[in-house]
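Below: one structure, written as structure tokens.
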Amino acid sequence: MRIVCWNMNHWRRTPAERKSAWQFLTQLKPDVALLQEAVPGDDTGTANVVFRSQGIGSSRPWGSAVVSFGKPAVAVAEVRSRYSKRPANLHQTLAGSLAIAQVGDLTLISHYGAIENGYAVTTVHRQLSDLTPLFDSSLGRRVVLGGDLNITSQFEEPDRRRHQNVLDRLASLGMVDCLALDRPPRPKLEGCPCTDSPCRHVRTLRHDKSDTPWQNDYIFVSETLAGVVKSCFALDSGDPDPWQFSDHCPVILELSIEMAEPGAAPNGGPATQLGNSGATEGPPSVS
């Protein structure tokens with residue numbers, strides 16, 4: 001199974017450039033795409049799209065999307081965790097910045113860490129609070145979360161610790177950083193300013209005001225899926241050059257699994273009720 005995570009930089013692109021980017025995406029042959037700063041259109045070649053048609057808001061009419069190129073994508077708007085009898089709304093923070101779908105027996109989350117008042121960390125913490133009931137539900141057993149979080153441990157202090165805290169929080173929710181698994185093995189990122197030992201960063205962003213090789217795009221999987229990660233890598237070169245389509249390059253995850261039928265509850269447990277998402281319908285920061 002191949003999952004592509006990509007910030008498509010829709011708002012800075014011409015209609016012709018956007019069309020070319022979608023064509024490039026289909027050439028990558030994903031089973032599922034987790035997209036940010038995107039507006040799926042008729043040219044996606046699939047009706048299996050979970051996306052808020054209004055985007056994130058009036059000034060950001062683009063947003064996050066889950067696009068399935070095979071099995072149906074069922075929008076997830078709310079879940080009941082094991083701690084409550086009432087469903088929890090998963091889209092309380094900047095509706096449109098998260099797209100959540102069940103595709104087969106996987107829960108897919110496309111996550112955009114929007115920068116608000118100069119901060120991405122505050123946004124992502126609120127989004128993770130919204131998502132916590134999902135991780136504590138039956139849909140939380142097999143999750144793939146990918147996106148442009150605008151989070152990196154490459155900053156200087158005190159921002160490094162603040163951003164690392166977000167990554168630690170994802171780990172506390174049982175999520176494994178697939179790029180950090182180093183499959184296939186790769187050398188240390190040249191010019192990376194981090195103090196990690198070893199450095200597992202990969203450049204995913206070409207910032208127009210910085211030559212630093214920033215990483216702020218990630219793919220995480222549930223601990224139950226970590227053992228089936230075949231590879232996870234940033235597609236930062238090739239013909240055509242991925243950088244011509246966006247200031248972010250795609251991150252590709254390959255899993256050695258096949259998805260179960262849509263709606264099947266994992267491990268024989270009861271399925272969690274899905275809601276209608278209305279889909280298809282100060283410190284330094286990187287964006």
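In the structure tokens, each chain is lettered A, B, ... as it comes, each chain's residues begin at 1, and ligands are numbered from 1 in order of appearance.
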
Could you pull the residues within 12 Å of Trp243 in chain A, counting only C-alpha atoms, minus those fewer than 2 positions along the same chain, as number ranges by chain? A: 6-9, 17, 21, 24, 203-207, 234-241, 245-250

Select from range 104-150 of chain A everything DSSP, run on the backbone, classes as helix (DSSP H, G or I), then give the selection as a PyMOL selection string. chain A and resi 121-135+138-140

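Across the model, the gap from CA of Thr14 in chain A to CA of Thr123 in chain A is 28.2 Å.
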
For range 213-229 of chain A, please output as a PyMOL selection string all residues within 6 Å (counting only C-alpha atoms; exclusion window: fewer than 5 positions along the same chain). chain A and resi 142-152+174-178+202-205+255-256

Which residues, written as a count of residues only, have at least one atom at most 12 Å from Val67 in chain A, with only C-alpha atoms counted and residues fewer than 2 positions away on the same chain left out? 45

Just want the 12 Å neighbourhood of Pro184 in chain A, counted on only C-alpha atoms, with same-chain residues fewer than 4 positions away dropped. Output as a list in words.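 In the requested form, the answer reads Cys178, Leu179, Ala180, Arg200, Val229, Lys230, Ser231, Cys232, Phe233, Ala234, Ile252, Leu253 and Glu254 of chain A.
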
Rounded to one decimal in Å, what is the spacing between CA of Val166 in chain A and CA of Pro198 in chain A? 19.3 Å

Output as a PyMOL selection string all residues of range 60-117 of chain A that backbone DSSP marks as strand (DSSP E). chain A and resi 63-68+73-75+78-79+88-89+98-103+106-112

Write the residues of the selection above to a file with N, CA and C atoms, as a short mmCIF file (atom, residue, chain, number, x, y, z; two decimals), in the first residue's frame.
```cif
data_model
loop_
_atom_site.label_atom_id
_atom_site.label_comp_id
_atom_site.auth_asym_id
_atom_site.auth_seq_id
_atom_site.Cartn_x
_atom_site.Cartn_y
_atom_site.Cartn_z
N GLY A 63 -7.53 23.73 1.86
CA GLY A 63 -7.44 23.03 3.13
C GLY A 63 -6.84 21.65 2.98
N SER A 64 -7.15 20.78 3.94
CA SER A 64 -6.64 19.42 3.96
C SER A 64 -7.64 18.47 3.32
N ALA A 65 -7.11 17.41 2.72
CA ALA A 65 -7.97 16.44 2.03
C ALA A 65 -7.39 15.04 2.17
N VAL A 66 -8.28 14.07 2.23
CA VAL A 66 -7.91 12.66 2.07
C VAL A 66 -8.52 12.21 0.75
N VAL A 67 -7.69 11.73 -0.15
CA VAL A 67 -8.14 11.29 -1.46
C VAL A 67 -7.77 9.82 -1.61
N SER A 68 -8.79 8.98 -1.82
CA SER A 68 -8.56 7.56 -2.04
C SER A 68 -8.66 7.27 -3.53
N ALA A 73 -13.72 6.38 0.63
CA ALA A 73 -13.26 7.14 1.80
C ALA A 73 -14.49 7.66 2.53
N VAL A 74 -14.65 7.24 3.77
CA VAL A 74 -15.82 7.62 4.58
C VAL A 74 -15.40 8.70 5.57
N ALA A 75 -16.02 9.87 5.46
CA ALA A 75 -15.66 10.99 6.32
C ALA A 75 -15.94 10.68 7.78
N GLU A 78 -16.92 12.71 14.06
CA GLU A 78 -17.00 12.56 15.50
C GLU A 78 -16.84 11.10 15.86
N VAL A 79 -16.40 10.85 17.09
CA VAL A 79 -16.25 9.48 17.59
C VAL A 79 -16.64 9.45 19.06
N ALA A 88 -17.59 12.90 20.43
CA ALA A 88 -16.75 14.10 20.49
C ALA A 88 -16.52 14.63 19.08
N ASN A 89 -16.66 15.94 18.92
CA ASN A 89 -16.41 16.60 17.64
C ASN A 89 -14.90 16.68 17.40
N LEU A 98 -8.04 19.84 9.20
CA LEU A 98 -7.94 18.38 9.33
C LEU A 98 -8.95 17.73 8.41
N ALA A 99 -8.53 16.71 7.70
CA ALA A 99 -9.46 15.85 6.97
C ALA A 99 -9.27 14.45 7.53
N ILE A 100 -10.36 13.81 7.91
CA ILE A 100 -10.29 12.50 8.57
C ILE A 100 -11.21 11.55 7.82
N ALA A 101 -10.69 10.38 7.48
CA ALA A 101 -11.49 9.43 6.72
C ALA A 101 -11.14 8.01 7.14
N GLN A 102 -12.12 7.14 7.04
CA GLN A 102 -11.86 5.71 7.15
C GLN A 102 -11.82 5.15 5.74
N VAL A 103 -10.70 4.51 5.41
CA VAL A 103 -10.51 3.87 4.11
C VAL A 103 -10.17 2.42 4.39
N LEU A 106 -8.36 1.29 7.81
CA LEU A 106 -7.44 2.31 8.27
C LEU A 106 -8.16 3.62 8.52
N THR A 107 -7.69 4.37 9.51
CA THR A 107 -8.14 5.74 9.72
C THR A 107 -7.04 6.65 9.22
N LEU A 108 -7.37 7.51 8.25
CA LEU A 108 -6.41 8.40 7.61
C LEU A 108 -6.69 9.83 8.04
N ILE A 109 -5.64 10.54 8.45
CA ILE A 109 -5.76 11.93 8.88
C ILE A 109 -4.78 12.78 8.09
N SER A 110 -5.30 13.77 7.38
CA SER A 110 -4.46 14.78 6.73
C SER A 110 -4.47 16.02 7.62
N HIS A 111 -3.30 16.42 8.07
CA HIS A 111 -3.16 17.39 9.16
C HIS A 111 -2.34 18.59 8.69
N TYR A 112 -2.94 19.78 8.79
CA TYR A 112 -2.22 21.01 8.48
C TYR A 112 -2.13 21.86 9.74
#
```

Spatial neighbours of Ile56 in chain A, max dist 10 Å, only C-alpha atoms, sep filter under 4 positions, as a list in words: Glu37, Arg52, Arg60, Pro61, Trp62, Gly63, Ser64, Thr93, Leu94, Ala95, Gly96, Ser97, Leu98, Tyr112 and Ala114 of chain A

Of the candidates A:Thr122, A:Gln244, A:Ser129, A:Asn117, which one gets nearest to Arg18 in chain A if we count only C-alpha atoms? A:Gln244
